file my_file_18.txt (compact mmCIF, C-alpha atoms)
# COMPACT_ATOMS: atom_id res chain seq x y z
CA MET A 3 0.00 0.00 0.00
CA SER A 4 1.09 3.53 -0.63
CA GLU A 5 2.02 6.00 2.07
CA LYS A 6 -1.06 8.04 1.22
CA MET A 7 -3.34 5.02 1.63
CA ASP A 8 -1.71 4.16 4.97
CA ALA A 9 -2.26 7.76 6.10
CA LEU A 10 -5.92 7.62 5.01
CA LEU A 11 -6.46 4.38 6.92
CA ALA A 12 -4.85 5.83 10.05
CA TYR A 13 -6.88 9.03 9.72
CA MET A 14 -10.11 7.05 9.34
CA ALA A 15 -9.26 4.90 12.37
CA ASP A 16 -8.49 7.98 14.48
CA ALA A 17 -11.77 9.65 13.48
CA GLY A 18 -13.69 6.50 14.44
CA GLU A 19 -11.92 6.37 17.79
CA GLN A 20 -12.66 10.05 18.47
CA ALA A 21 -16.35 9.57 17.57
CA ARG A 22 -16.63 6.64 20.00
CA HIS A 23 -14.83 8.65 22.68
CA HIS A 24 -17.37 11.49 22.52
CA GLU A 25 -20.31 9.10 22.75
CA THR A 26 -18.73 7.27 25.69
CA GLU A 27 -18.02 10.60 27.38
CA ARG A 28 -21.63 11.72 26.92
CA SER A 29 -23.00 8.43 28.22
CA SER A 30 -20.72 8.39 31.27
CA PHE A 31 -21.46 11.96 32.24
CA THR A 32 -25.20 11.51 31.77
CA ASN A 33 -25.24 8.44 34.00
CA ALA A 34 -23.20 10.19 36.70
CA GLY A 35 -25.19 13.42 36.36
CA LEU A 36 -28.54 11.68 36.67
CA GLY A 37 -27.26 9.84 39.73
CA PHE A 38 -26.05 13.09 41.33
CA ALA A 39 -29.33 14.83 40.50
CA GLY A 40 -31.28 11.99 42.12
CA ALA A 41 -29.05 12.08 45.20
CA ILE A 42 -29.37 15.85 45.55
CA ALA A 43 -33.16 15.65 45.19
CA THR A 44 -33.40 12.81 47.71
CA VAL A 45 -31.29 14.59 50.31
CA ALA A 46 -33.14 17.88 49.79
CA ALA A 47 -36.57 16.25 50.01
CA SER A 48 -35.76 14.19 53.10
CA ALA A 49 -33.96 16.94 55.04
CA GLY A 50 -37.20 17.97 56.72
CA GLN A 51 -35.93 21.39 57.77
CA GLY A 52 -38.43 23.62 56.04
CA GLY A 53 -38.11 24.91 52.53
CA THR A 54 -34.43 25.90 52.51
CA PRO A 55 -33.00 22.44 51.63
CA LEU A 56 -35.58 22.06 48.85
CA LEU A 57 -34.78 25.51 47.52
CA VAL A 58 -31.01 24.98 47.54
CA GLY A 59 -31.29 21.40 46.25
CA GLY A 60 -33.66 22.45 43.49
CA ILE A 61 -31.33 25.23 42.33
CA ALA A 62 -28.39 22.79 42.36
CA VAL A 63 -30.35 20.26 40.30
CA VAL A 64 -31.36 22.94 37.77
CA PHE A 65 -27.74 24.05 37.35
CA LEU A 66 -26.59 20.44 37.00
CA GLY A 67 -29.30 19.84 34.40
CA VAL A 68 -28.39 22.90 32.34
CA PHE A 69 -24.71 21.94 32.41
CA GLY A 70 -25.54 18.36 31.42
CA LEU A 71 -27.75 19.54 28.57
CA VAL A 72 -25.01 21.78 27.13
CA LEU A 73 -22.34 19.11 27.58
CA SER A 74 -24.54 16.52 25.88
CA LEU A 75 -25.13 18.83 22.91
CA LYS A 76 -21.41 19.52 22.56
CA CYS A 77 -20.45 15.84 22.74
CA TYR A 78 -23.04 15.06 20.06
CA GLU A 79 -21.76 17.84 17.82
CA ARG A 80 -18.13 16.61 18.12
CA ASN A 81 -19.21 13.01 17.50
CA ARG A 82 -20.96 14.00 14.28
CA PHE A 83 -17.87 15.89 13.10
CA HIS A 84 -15.61 12.88 13.59
CA VAL A 85 -18.16 10.60 11.91
CA LYS A 86 -18.14 12.96 8.91
CA VAL A 87 -14.32 12.81 8.73
CA PHE A 88 -14.55 9.00 8.95
CA GLU A 89 -17.11 8.87 6.10
CA LEU A 90 -15.07 11.10 3.80
CA ALA A 91 -11.86 9.17 4.48
CA ARG A 92 -13.69 5.93 3.73
CA LYS A 93 -15.03 7.35 0.45
CA ALA A 94 -11.52 8.45 -0.53
CA ILE A 95 -10.18 4.96 0.17
CA ASP A 96 -13.04 3.35 -1.78
CA THR A 97 -12.36 5.64 -4.74
CA ALA A 98 -8.65 4.89 -4.70
CA LEU A 99 -9.22 1.14 -4.44
CA ALA A 100 -11.72 1.22 -7.31
CA GLY A 101 -9.03 2.71 -9.54
CA GLY A 102 -10.68 6.10 -9.77
CA THR A 103 -9.10 9.42 -9.22
CA PRO A 104 -6.24 9.68 -6.74
CA PRO A 105 -7.50 10.09 -3.16
CA PRO A 106 -7.66 13.61 -1.75
CA SER A 107 -5.18 14.76 0.85
CA LEU A 108 -5.98 14.54 4.55
CA THR A 109 -6.29 18.33 4.64
CA GLU A 110 -8.82 18.23 1.80
CA ILE A 111 -10.83 15.51 3.59
CA ARG A 112 -10.86 17.52 6.83
CA ALA A 113 -11.89 20.71 5.00
CA ALA A 114 -14.72 18.88 3.21
CA ALA A 115 -15.86 17.32 6.49
CA GLU A 116 -15.86 20.74 8.18
CA LEU A 117 -17.99 22.22 5.36
CA GLU A 118 -20.56 19.43 5.52
CA HIS A 119 -20.52 19.43 9.33
CA ARG A 120 -21.07 23.18 9.50
CA ALA A 121 -23.97 22.87 7.08
CA GLN A 122 -25.54 20.14 9.21
CA PHE A 123 -25.05 22.13 12.45
CA ARG A 124 -25.77 25.51 10.93
CA THR A 125 -27.40 26.85 14.10
CA LEU A 126 -24.10 26.37 15.95
CA TYR A 127 -22.01 27.89 13.18
CA SER A 128 -24.51 30.28 11.56
CA ALA A 129 -23.52 28.97 8.13
CA PRO A 130 -26.07 28.71 5.30
CA ARG A 131 -27.20 25.21 4.44
CA SER A 132 -26.66 24.12 0.86
CA SER A 133 -28.39 21.23 -0.82
CA SER A 134 -26.38 19.17 -3.29
CA SER A 135 -29.36 17.87 -5.27
CA GLY A 136 -32.07 20.43 -4.50
CA ALA A 137 -34.70 17.67 -4.59
CA SER A 138 -36.99 17.24 -1.61
CA LYS A 139 -37.18 13.83 0.02
CA ALA A 140 -40.20 12.10 1.54
CA ARG A 141 -40.40 12.73 5.25
CA PRO A 142 -39.83 9.60 7.37
CA SER A 143 -42.12 8.63 10.20
CA TRP A 144 -41.54 10.27 13.57
CA LEU A 145 -39.91 7.10 14.91
CA VAL A 146 -37.47 6.76 12.02
CA GLY A 147 -36.69 10.46 12.26
CA LEU A 148 -36.20 10.39 16.04
CA ARG A 149 -32.58 11.06 16.86
CA LEU A 150 -30.89 9.42 19.82
CA ASN A 151 -29.36 12.73 20.87
CA ARG A 152 -32.87 14.10 21.47
CA LEU A 153 -33.54 11.33 23.96
CA TRP A 154 -30.31 12.21 25.77
CA LEU A 155 -31.48 15.82 25.91
CA ILE A 156 -34.89 14.83 27.26
CA ALA A 157 -33.16 13.20 30.24
CA TRP A 158 -31.51 16.54 31.05
CA ILE A 159 -34.73 18.46 30.48
CA LEU A 160 -36.40 16.18 33.01
CA VAL A 161 -33.58 16.89 35.49
CA ILE A 162 -34.06 20.63 34.96
CA SER A 163 -37.84 20.22 35.40
CA GLY A 164 -37.40 18.22 38.60
CA GLY A 165 -35.01 20.84 39.94
CA THR A 166 -37.50 23.56 39.08
CA VAL A 167 -40.26 21.71 40.96
CA LEU A 168 -38.00 21.34 44.00
CA THR A 169 -37.06 25.01 43.82
CA VAL A 170 -40.69 26.17 43.60
CA ALA A 171 -41.76 23.81 46.41
CA GLY A 172 -38.85 24.94 48.56
CA ALA A 173 -39.60 28.60 47.90
CA ALA A 174 -43.28 28.09 48.74
CA ILE A 175 -42.44 26.32 51.99
CA TRP A 176 -39.72 28.85 52.82
CA CYS A 177 -42.06 31.77 52.18
CA GLY A 178 -44.72 30.10 54.31
CA ASP A 179 -42.16 29.53 57.10
CA THR A 180 -41.05 33.17 57.09
CA ARG A 181 -44.64 34.46 57.24
CA THR A 182 -45.62 32.30 60.19
CA GLY A 183 -42.31 32.60 62.00
call {"tool": "encode", "arguments": {"input": "my_file_18.txt", "output": "structure tokens"}}
result
Amino acid sequence: MSEKMDALLAYMADAGEQARHHETERSSFTNAGLGFAGAIATVAASAGQGGTPLLVGGIAVVFLGVFGLVLSLKCYERNRFHVKVFELARKAIDTALAGGTPPPSLTEIRAAAELEHRAQFRTLYSAPRSSSSGASKARPSWLVGLRLNRLWLIAWILVISGGTVLTVAGAAIWCGDTRTG
């Protein structure tokens, strides 16, 4: 194999490893974060010292939920970038093996991946989205179109909601305690 082909294979392998790393990181943090949120909520709810523990615990859970939501979004975005690099490297290898045009350089593959990635995540990059074919496709069912990253985000939204409920309950109890005290 040529040096260029060896470099493409190594680049593709590294992109695959990076993509897996970001998914593992997101999964690990979500599991730990949900556990911490549950522990905070349990301690706050069972403290039995008026509304202050609920208020403080609820605020902590909300902050943890917001941080987890942002971290989950960022891990997903980085995963998709490395998957795009992987796909383009694979296409370059396929083209070279089929006897087509010489494979593009690693820099060209990365630049093409960045362009496609920025188009896919245009809200993060504020880049216009371009369509290669211009043809509209049939819309898949909601289940087929459901993205796993949205389910990860729902977990954090539920944490934020639970923290908000704790905060409101704690504030209501705390306000009631200060009026009667």
call {"tool": "atom_distance", "arguments": {"input": "my_file_18.txt", "atom1": "atom CA of A:Val63", "atom2": "atom CA of A:Ile162"}}
result
6.5 Å
call {"tool": "closest_residue", "arguments": {"input": "my_file_18.txt", "among": "A:Ile175, A:Ala15, A:Lys6, A:Val64", "to": "A:Leu160", "atoms": "only C-alpha atoms"}}
result
A:Val64
call {"tool": "residues_around", "arguments": {"input": "my_file_18.txt", "residues": "A:Gly59", "least_positions_apart": "2", "cutoff": "8 Å", "atoms": "all atoms listed in the file", "output": "list in words"}}
result
Ile42, Ala43, Val45, Ala46, Pro55, Leu56, Leu57, Ile61, Ala62, Val63, Gly165, Leu168 and Thr169 of chain A
call {"tool": "closest_residue", "arguments": {"input": "my_file_18.txt", "among": "A:Leu10, A:Val167, A:Leu36, A:Leu73", "to": "A:Glu89", "atoms": "all atoms listed in the file"}}
result
A:Leu10
call {"tool": "closest_residue", "arguments": {"input": "my_file_18.txt", "among": "A:Ala21, A:Ala91, A:Leu150, A:Ala113", "to": "A:Met7", "atoms": "only C-alpha atoms"}}
result
A:Ala91
call {"tool": "residues_around", "arguments": {"input": "my_file_18.txt", "residues": "A:Leu153", "least_positions_apart": "2", "cutoff": "12 Å", "atoms": "all atoms listed in the file", "output": "VMD selection string"}}
result
chain A and resid 29 32 71 74 to 75 78 145 148 to 151 155 to 160
call {"tool": "atom_distance", "arguments": {"input": "my_file_18.txt", "atom1": "atom CA of A:Phe88", "atom2": "atom CA of A:Ala17"}}
result
5.4 Å
call {"tool": "closest_residue", "arguments": {"input": "my_file_18.txt", "among": "A:Ala173, A:Val87, A:Cys77, A:Val58", "to": "A:Thr109", "atoms": "only C-alpha atoms"}}
result
A:Val87
call {"tool": "atom_distance", "arguments": {"input": "my_file_18.txt", "atom1": "atom CA of A:Lys86", "atom2": "atom CA of A:Thr103"}}
result
20.6 Å
call {"tool": "closest_residue", "arguments": {"input": "my_file_18.txt", "among": "A:Glu27, A:Glu79, A:Gln51, A:Gly18", "to": "A:Gly172", "atoms": "only C-alpha atoms"}}
result
A:Gln51
call {"tool": "closest_residue", "arguments": {"input": "my_file_18.txt", "among": "A:Asn81, A:Ala49, A:Ala171, A:Gly37", "to": "A:Leu66", "atoms": "all atoms listed in the file"}}
result
A:Gly37
